[in-house]
Amino acid sequence: MAVEGAAPLGRAVREAPGAVAEHYQQEIAAGADVIAALTDETMPRSLAQIGMAFRSAALTGQAVDMALEAAEGAPRPIVVAGLLGARWIAPTIPERITEEYAMHATRLAASGCELILARGFSPEAFRPGASLARMARMAAVVSACATRMPTWAVIESTDGERAVDGDSVEESARAAVEAGAQAVIVDVPSEATGLVAIESAGRGGAKRVGLLLAASPESRHGVADMAGSVDAWATACMRLFDAGALMIGGGAGTTSRHVAALARTVKGSGRSGSERPPLWPQAF
């Protein structure tokens, strides 16, 4: 099915489960250590856009179950993460944000996922939306930590210094750490921005900093970008590892081909196997 329209990933879990399962398998085959279950758009607020808010619990469980099944068949340990917070979400009043994120975090904890990626939603979802986006980001982090599950806070930034919702990356990282997040992941458009983000998050007290690196600075979320070299992207990731990033994943525009290129580069560098930095569960 086409990934477009309202809540496309939420619809995919229900209408195209085979495609979702194949996506998980491709990520594992490419070399990912952590796969994200498609639970960002199984929140009631997202599903309400297509008249399926009542299916939230069932679709959340289905998305995680398919990811767990794919992980069980993998030749190596795979961590299944639940996504808390959609990039786009239907309008809501501020008082409902905390309630809905807490409810969805509880669903993720009960579904069997091993980690929560807490990120809120994009400020572009509202005009103006920065204050609501900031509230959603913190509500996601606090709600995830309240479940006592391992939580990685995701902060989107275009320059490595400020989150897209207006807060500084340093203060955003500090708030996430104080709430109980075990790691801070900064979603960045370029290697240069990633270097700044590592320093910013570190100043905020984050001991474990990771990055989601876009395929190119011009990439858009949800749109594959194959214009650049995947090997060059993987090489940039390795430089960011050397600069202090503990975890690196694909950001805007990346595909399983980018993940595979990174896995090959890591293996070729001699950092695979026992020489790779511990990620799970020793990192916690």
# chains A, B, ... in the order shown; residues from 1 in each chain; ligands from 1
$ residues_around --residues "Leu246 (chain A)" --least-positions-apart "4" --cutoff "8 Å" --atoms "only C-alpha atoms" --output "list in words"
Arg208, Val209, Gly210, Phe241 and Pro277 of chain A
$ select_by_dssp --residues "region 9-208 of chain A" --states "strand (DSSP E)" --output "short mmCIF file (atom, residue, chain, number, x, y, z; two decimals) with all heavy atoms, in the first residue's frame"
data_model
loop_
_atom_site.label_atom_id
_atom_site.label_comp_id
_atom_site.auth_asym_id
_atom_site.auth_seq_id
_atom_site.Cartn_x
_atom_site.Cartn_y
_atom_site.Cartn_z
N VAL A 34 18.64 -2.84 16.62
CA VAL A 34 17.38 -2.42 17.22
C VAL A 34 16.38 -2.17 16.08
O VAL A 34 16.70 -1.46 15.14
CB VAL A 34 17.54 -1.12 18.03
CG1 VAL A 34 16.19 -0.67 18.60
CG2 VAL A 34 18.56 -1.31 19.15
N ILE A 35 15.22 -2.77 16.16
CA ILE A 35 14.17 -2.48 15.18
C ILE A 35 13.00 -1.82 15.91
O ILE A 35 12.66 -2.18 17.03
CB ILE A 35 13.69 -3.74 14.42
CG1 ILE A 35 13.12 -4.80 15.36
CG2 ILE A 35 14.83 -4.33 13.60
CD1 ILE A 35 12.45 -5.97 14.63
N ALA A 36 12.43 -0.83 15.26
CA ALA A 36 11.33 -0.07 15.86
C ALA A 36 10.00 -0.61 15.36
O ALA A 36 9.73 -0.57 14.15
CB ALA A 36 11.47 1.40 15.53
N ALA A 37 9.19 -1.11 16.27
CA ALA A 37 7.83 -1.53 15.90
C ALA A 37 7.04 -0.30 15.47
O ALA A 37 7.21 0.78 16.04
CB ALA A 37 7.15 -2.22 17.09
N VAL A 79 16.91 -6.16 19.58
CA VAL A 79 16.07 -5.43 20.53
C VAL A 79 14.86 -4.87 19.77
O VAL A 79 15.02 -4.25 18.72
CB VAL A 79 16.83 -4.29 21.20
CG1 VAL A 79 15.91 -3.49 22.12
CG2 VAL A 79 18.03 -4.82 21.97
N VAL A 80 13.67 -5.11 20.29
CA VAL A 80 12.45 -4.56 19.70
C VAL A 80 12.01 -3.35 20.50
O VAL A 80 11.75 -3.44 21.71
CB VAL A 80 11.32 -5.61 19.66
CG1 VAL A 80 10.00 -4.97 19.19
CG2 VAL A 80 11.69 -6.77 18.75
N ALA A 81 11.96 -2.20 19.83
CA ALA A 81 11.57 -0.96 20.48
C ALA A 81 10.18 -0.54 20.05
O ALA A 81 9.77 -0.75 18.92
CB ALA A 81 12.57 0.15 20.13
N GLY A 82 9.45 0.07 20.96
CA GLY A 82 8.16 0.65 20.64
C GLY A 82 8.32 2.15 20.46
O GLY A 82 9.04 2.80 21.23
N LEU A 83 7.69 2.71 19.44
CA LEU A 83 7.75 4.15 19.19
C LEU A 83 6.61 4.85 19.93
O LEU A 83 5.46 4.47 19.80
CB LEU A 83 7.63 4.43 17.69
CG LEU A 83 8.88 4.16 16.85
CD1 LEU A 83 8.52 4.20 15.37
CD2 LEU A 83 9.96 5.16 17.15
N LEU A 84 6.96 5.86 20.70
CA LEU A 84 5.97 6.64 21.43
C LEU A 84 5.98 8.06 20.92
O LEU A 84 6.90 8.85 21.23
CB LEU A 84 6.26 6.61 22.94
CG LEU A 84 5.30 7.38 23.84
CD1 LEU A 84 3.87 6.85 23.68
CD2 LEU A 84 5.74 7.28 25.30
N LEU A 115 12.09 -1.84 24.79
CA LEU A 115 12.64 -0.50 24.83
C LEU A 115 11.60 0.46 24.28
O LEU A 115 10.82 0.07 23.39
CB LEU A 115 13.91 -0.45 23.96
CG LEU A 115 14.52 0.90 23.57
CD1 LEU A 115 15.15 1.55 24.80
CD2 LEU A 115 15.57 0.70 22.48
N ILE A 116 11.56 1.69 24.79
CA ILE A 116 10.65 2.70 24.24
C ILE A 116 11.47 3.86 23.70
O ILE A 116 12.35 4.39 24.38
CB ILE A 116 9.67 3.22 25.31
CG1 ILE A 116 8.74 2.09 25.78
CG2 ILE A 116 8.83 4.36 24.73
CD1 ILE A 116 7.72 2.52 26.82
N LEU A 117 11.21 4.21 22.44
CA LEU A 117 11.79 5.41 21.83
C LEU A 117 10.75 6.52 21.96
O LEU A 117 9.71 6.48 21.32
CB LEU A 117 12.11 5.15 20.36
CG LEU A 117 13.13 4.05 20.06
CD1 LEU A 117 13.27 3.85 18.56
CD2 LEU A 117 14.49 4.39 20.68
N ALA A 118 11.04 7.49 22.82
CA ALA A 118 10.07 8.54 23.13
C ALA A 118 10.43 9.81 22.39
O ALA A 118 11.51 10.37 22.60
CB ALA A 118 10.05 8.79 24.65
N THR A 151 14.30 3.54 28.32
CA THR A 151 13.76 4.61 27.49
C THR A 151 14.89 5.41 26.85
O THR A 151 15.83 5.81 27.52
CB THR A 151 12.89 5.56 28.34
OG1 THR A 151 11.77 4.84 28.87
CG2 THR A 151 12.39 6.73 27.50
N TRP A 152 14.77 5.60 25.54
CA TRP A 152 15.68 6.49 24.81
C TRP A 152 14.87 7.68 24.35
O TRP A 152 13.88 7.54 23.64
CB TRP A 152 16.31 5.78 23.61
CG TRP A 152 17.23 4.65 23.98
CD1 TRP A 152 17.60 4.25 25.23
CD2 TRP A 152 17.89 3.75 23.07
NE1 TRP A 152 18.44 3.17 25.16
CE2 TRP A 152 18.64 2.84 23.84
CE3 TRP A 152 17.92 3.65 21.68
CZ2 TRP A 152 19.42 1.84 23.28
CZ3 TRP A 152 18.68 2.64 21.11
CH2 TRP A 152 19.43 1.75 21.90
N ALA A 153 15.29 8.87 24.76
CA ALA A 153 14.60 10.10 24.37
C ALA A 153 15.13 10.57 23.01
O ALA A 153 16.34 10.66 22.81
CB ALA A 153 14.82 11.18 25.41
N VAL A 154 14.23 10.84 22.09
CA VAL A 154 14.60 11.27 20.74
C VAL A 154 14.33 12.77 20.60
O VAL A 154 13.21 13.23 20.84
CB VAL A 154 13.83 10.49 19.67
CG1 VAL A 154 14.24 10.94 18.26
CG2 VAL A 154 14.07 8.99 19.83
N ILE A 155 15.35 13.51 20.21
CA ILE A 155 15.25 14.97 20.04
C ILE A 155 15.60 15.30 18.60
O ILE A 155 16.68 14.95 18.12
CB ILE A 155 16.23 15.69 20.99
CG1 ILE A 155 15.96 15.32 22.45
CG2 ILE A 155 16.15 17.20 20.79
CD1 ILE A 155 17.07 15.74 23.40
N GLU A 156 14.72 15.97 17.90
CA GLU A 156 15.00 16.37 16.53
C GLU A 156 15.63 17.76 16.51
O GLU A 156 15.15 18.68 17.17
CB GLU A 156 13.71 16.37 15.70
CG GLU A 156 13.95 16.65 14.22
CD GLU A 156 12.68 16.60 13.39
OE1 GLU A 156 11.62 16.23 13.94
OE2 GLU A 156 12.75 16.95 12.20
N ALA A 183 19.24 6.99 27.58
CA ALA A 183 20.02 7.48 26.45
C ALA A 183 19.27 8.61 25.77
O ALA A 183 18.05 8.72 25.87
CB ALA A 183 20.30 6.35 25.45
N VAL A 184 20.03 9.46 25.09
CA VAL A 184 19.45 10.55 24.32
C VAL A 184 19.87 10.37 22.87
O VAL A 184 21.07 10.23 22.57
CB VAL A 184 19.94 11.93 24.83
CG1 VAL A 184 19.50 13.04 23.89
CG2 VAL A 184 19.42 12.19 26.24
N ILE A 185 18.90 10.33 21.97
CA ILE A 185 19.15 10.16 20.55
C ILE A 185 18.76 11.47 19.85
O ILE A 185 17.63 11.93 20.00
CB ILE A 185 18.31 9.01 19.95
CG1 ILE A 185 18.42 7.74 20.82
CG2 ILE A 185 18.73 8.73 18.52
CD1 ILE A 185 19.79 7.14 20.87
N VAL A 186 19.69 12.05 19.09
CA VAL A 186 19.39 13.30 18.40
C VAL A 186 19.25 13.02 16.90
O VAL A 186 20.14 12.43 16.28
CB VAL A 186 20.49 14.36 18.63
CG1 VAL A 186 20.03 15.72 18.08
CG2 VAL A 186 20.79 14.50 20.13
N ASP A 187 18.13 13.42 16.36
CA ASP A 187 17.81 13.24 14.94
C ASP A 187 18.38 14.44 14.19
O ASP A 187 17.93 15.58 14.38
CB ASP A 187 16.29 13.17 14.78
CG ASP A 187 15.83 12.77 13.40
OD1 ASP A 187 16.61 12.92 12.44
OD2 ASP A 187 14.68 12.32 13.26
N VAL A 188 19.42 14.21 13.35
CA VAL A 188 20.15 15.32 12.72
C VAL A 188 20.21 15.17 11.20
O VAL A 188 20.14 14.06 10.68
CB VAL A 188 21.58 15.42 13.28
CG1 VAL A 188 21.56 15.78 14.75
CG2 VAL A 188 22.35 14.11 13.05
#
$ closest_residue --among "A:Gly180, A:Pro8, A:Gly51, A:Gly73" --to "Tyr24 (chain A)" --atoms "only C-alpha atoms"
A:Gly73
$ closest_residue --among "A:Asp167, A:Glu27, A:Asp242, A:Glu95" --to "Ala67 (chain A)" --atoms "only C-alpha atoms"
A:Glu27
$ atom_distance --atom1 "CA of Thr255 (chain A)" --atom2 "CA of Cys237 (chain A)"
14.4 Å
$ closest_residue --among "A:Gln49, A:Thr235, A:Gln25, A:Ser111" --to "Glu69 (chain A)" --atoms "only C-alpha atoms"
A:Gln25
$ atom_distance --atom1 "CA of Ala179 (chain A)" --atom2 "CA of Glu100 (chain A)"
18.0 Å
$ closest_residue --among "A:Ala32, A:Ala136, A:Val177, A:Ile50" --to "Gly10 (chain A)" --atoms "only C-alpha atoms"
A:Ile50
$ select_by_dssp --residues "region 19-242 of chain A" --states "helix (DSSP H, G or I)" --output "PyMOL selection string"
chain A and resi 19-30+40-42+44-50+53-72+94-111+123-125+130-146+169-179+191-203+230-242
$ closest_residue --among "A:Ala234, A:Pro75, A:Met247, A:Ala206" --to "Ala260 (chain A)" --atoms "only C-alpha atoms"
A:Ala234
$ closest_residue --among "A:Glu178, A:Asp33, A:Glu191, A:Asp225" --to "Arg239 (chain A)" --atoms "only C-alpha atoms"
A:Glu191
$ residues_around --residues "Leu68 (chain A)" --least-positions-apart "2" --cutoff "9 Å" --atoms "only C-alpha atoms" --output "list of chain:residue names"
A:Ala37, A:Ala63, A:Val64, A:Asp65, A:Met66, A:Ala70, A:Ala71, A:Glu72, A:Gly73, A:Ile78, A:Val79, A:Val80, A:Gly112, A:Cys113
$ write_last_selection --atoms "N, CA, C and O atoms" --output "short mmCIF file (atom, residue, chain, number, x, y, z; two decimals), in the first residue's frame"
data_model
loop_
_atom_site.label_atom_id
_atom_site.label_comp_id
_atom_site.auth_asym_id
_atom_site.auth_seq_id
_atom_site.Cartn_x
_atom_site.Cartn_y
_atom_site.Cartn_z
N ALA A 37 9.19 -1.11 16.27
CA ALA A 37 7.83 -1.53 15.90
C ALA A 37 7.04 -0.30 15.47
O ALA A 37 7.21 0.78 16.04
N ALA A 63 1.49 -4.77 15.95
CA ALA A 63 2.75 -4.23 15.44
C ALA A 63 3.94 -4.77 16.21
O ALA A 63 4.98 -5.13 15.63
N VAL A 64 3.83 -4.84 17.53
CA VAL A 64 4.92 -5.34 18.35
C VAL A 64 5.08 -6.85 18.18
O VAL A 64 6.20 -7.36 18.09
N ASP A 65 3.97 -7.58 18.12
CA ASP A 65 4.05 -9.03 17.95
C ASP A 65 4.80 -9.40 16.67
O ASP A 65 5.62 -10.33 16.65
N MET A 66 4.52 -8.69 15.57
CA MET A 66 5.21 -8.99 14.31
C MET A 66 6.70 -8.70 14.43
O MET A 66 7.54 -9.44 13.89
N ALA A 70 9.78 -11.47 14.15
CA ALA A 70 10.93 -11.30 13.26
C ALA A 70 12.23 -11.40 14.04
O ALA A 70 13.21 -12.00 13.58
N ALA A 71 12.25 -10.82 15.25
CA ALA A 71 13.46 -10.85 16.06
C ALA A 71 13.79 -12.26 16.53
O ALA A 71 14.97 -12.64 16.61
N GLU A 72 12.77 -13.03 16.83
CA GLU A 72 12.99 -14.40 17.29
C GLU A 72 13.66 -15.27 16.23
O GLU A 72 14.39 -16.20 16.54
N GLY A 73 13.40 -14.95 14.97
CA GLY A 73 13.99 -15.73 13.89
C GLY A 73 15.33 -15.21 13.43
O GLY A 73 15.91 -15.73 12.47
N ILE A 78 18.27 -9.30 18.87
CA ILE A 78 17.68 -8.08 18.33
C ILE A 78 16.79 -7.47 19.40
O ILE A 78 16.01 -8.16 20.06
N VAL A 79 16.91 -6.16 19.58
CA VAL A 79 16.07 -5.43 20.53
C VAL A 79 14.86 -4.87 19.77
O VAL A 79 15.02 -4.25 18.72
N VAL A 80 13.67 -5.11 20.29
CA VAL A 80 12.45 -4.56 19.70
C VAL A 80 12.01 -3.35 20.50
O VAL A 80 11.75 -3.44 21.71
N GLY A 112 5.09 -6.18 25.20
CA GLY A 112 6.25 -7.06 25.12
C GLY A 112 7.49 -6.43 24.51
O GLY A 112 8.53 -7.10 24.42
N CYS A 113 7.43 -5.17 24.08
CA CYS A 113 8.64 -4.55 23.53
C CYS A 113 9.64 -4.34 24.67
O CYS A 113 9.28 -4.30 25.84
#
$ residues_around --residues "Ala105 (chain A)" --least-positions-apart "2" --cutoff "8 Å" --atoms "only C-alpha atoms" --output "ChimeraX atom specification"
/A:84,101-103,107-109,116,140,143-144,147
$ decode --residues "region 95-117 of chain A" --atoms "N, CA, C and O atoms" --output "compact mmCIF listing (two decimals), in the first residue's frame"
# COMPACT_ATOMS: atom_id res chain seq x y z
N GLU A 95 -4.35 19.50 27.52
CA GLU A 95 -4.63 18.65 28.67
C GLU A 95 -4.71 17.17 28.30
O GLU A 95 -4.54 16.30 29.16
N ARG A 96 -4.97 16.89 27.03
CA ARG A 96 -5.09 15.49 26.62
C ARG A 96 -3.75 14.87 26.25
O ARG A 96 -3.63 13.64 26.17
N ILE A 97 -2.75 15.69 25.99
CA ILE A 97 -1.47 15.15 25.53
C ILE A 97 -0.84 14.20 26.54
O ILE A 97 -0.49 13.06 26.23
N THR A 98 -0.72 14.66 27.78
CA THR A 98 -0.11 13.82 28.82
C THR A 98 -0.89 12.54 29.03
O THR A 98 -0.32 11.44 29.13
N GLU A 99 -2.22 12.65 29.04
CA GLU A 99 -3.06 11.48 29.25
C GLU A 99 -2.88 10.45 28.14
O GLU A 99 -2.74 9.25 28.40
N GLU A 100 -2.85 10.91 26.89
CA GLU A 100 -2.76 9.98 25.77
C GLU A 100 -1.39 9.34 25.67
O GLU A 100 -1.27 8.15 25.34
N TYR A 101 -0.34 10.10 25.97
CA TYR A 101 1.00 9.51 25.93
C TYR A 101 1.18 8.50 27.06
O TYR A 101 1.82 7.46 26.88
N ALA A 102 0.64 8.79 28.23
CA ALA A 102 0.74 7.85 29.34
C ALA A 102 0.01 6.55 29.00
O ALA A 102 0.50 5.45 29.29
N MET A 103 -1.16 6.67 28.38
CA MET A 103 -1.94 5.49 28.01
C MET A 103 -1.18 4.64 26.99
O MET A 103 -1.10 3.41 27.10
N HIS A 104 -0.58 5.31 25.99
CA HIS A 104 0.11 4.55 24.95
C HIS A 104 1.40 3.93 25.49
O HIS A 104 1.76 2.81 25.09
N ALA A 105 2.09 4.62 26.38
CA ALA A 105 3.30 4.05 26.99
C ALA A 105 2.96 2.78 27.75
O ALA A 105 3.70 1.79 27.70
N THR A 106 1.83 2.79 28.46
CA THR A 106 1.40 1.60 29.18
C THR A 106 1.11 0.46 28.22
O THR A 106 1.44 -0.71 28.49
N ARG A 107 0.48 0.78 27.08
CA ARG A 107 0.22 -0.26 26.09
C ARG A 107 1.53 -0.86 25.57
O ARG A 107 1.63 -2.07 25.37
N LEU A 108 2.51 -0.01 25.31
CA LEU A 108 3.79 -0.51 24.80
C LEU A 108 4.46 -1.41 25.83
O LEU A 108 5.02 -2.45 25.49
N ALA A 109 4.41 -1.01 27.09
CA ALA A 109 5.02 -1.82 28.14
C ALA A 109 4.35 -3.19 28.24
O ALA A 109 5.01 -4.21 28.47
N ALA A 110 3.03 -3.20 28.05
CA ALA A 110 2.29 -4.46 28.15
C ALA A 110 2.43 -5.33 26.91
O ALA A 110 2.17 -6.54 26.95
N SER A 111 2.84 -4.74 25.80
CA SER A 111 2.87 -5.46 24.52
C SER A 111 4.06 -6.40 24.39
O SER A 111 4.06 -7.28 23.54
N GLY A 112 5.09 -6.18 25.20
CA GLY A 112 6.25 -7.06 25.12
C GLY A 112 7.49 -6.43 24.51
O GLY A 112 8.53 -7.10 24.42
N CYS A 113 7.43 -5.17 24.08
CA CYS A 113 8.64 -4.55 23.53
C CYS A 113 9.64 -4.34 24.67
O CYS A 113 9.28 -4.30 25.84
N GLU A 114 10.91 -4.22 24.31
CA GLU A 114 11.99 -4.20 25.30
C GLU A 114 12.55 -2.80 25.55
O GLU A 114 13.38 -2.61 26.44
N LEU A 115 12.09 -1.84 24.79
CA LEU A 115 12.64 -0.50 24.83
C LEU A 115 11.60 0.46 24.28
O LEU A 115 10.82 0.07 23.39
N ILE A 116 11.56 1.69 24.79
CA ILE A 116 10.65 2.70 24.24
C ILE A 116 11.47 3.86 23.70
O ILE A 116 12.35 4.39 24.38
N LEU A 117 11.21 4.21 22.44
CA LEU A 117 11.79 5.41 21.83
C LEU A 117 10.75 6.52 21.96
O LEU A 117 9.71 6.48 21.32
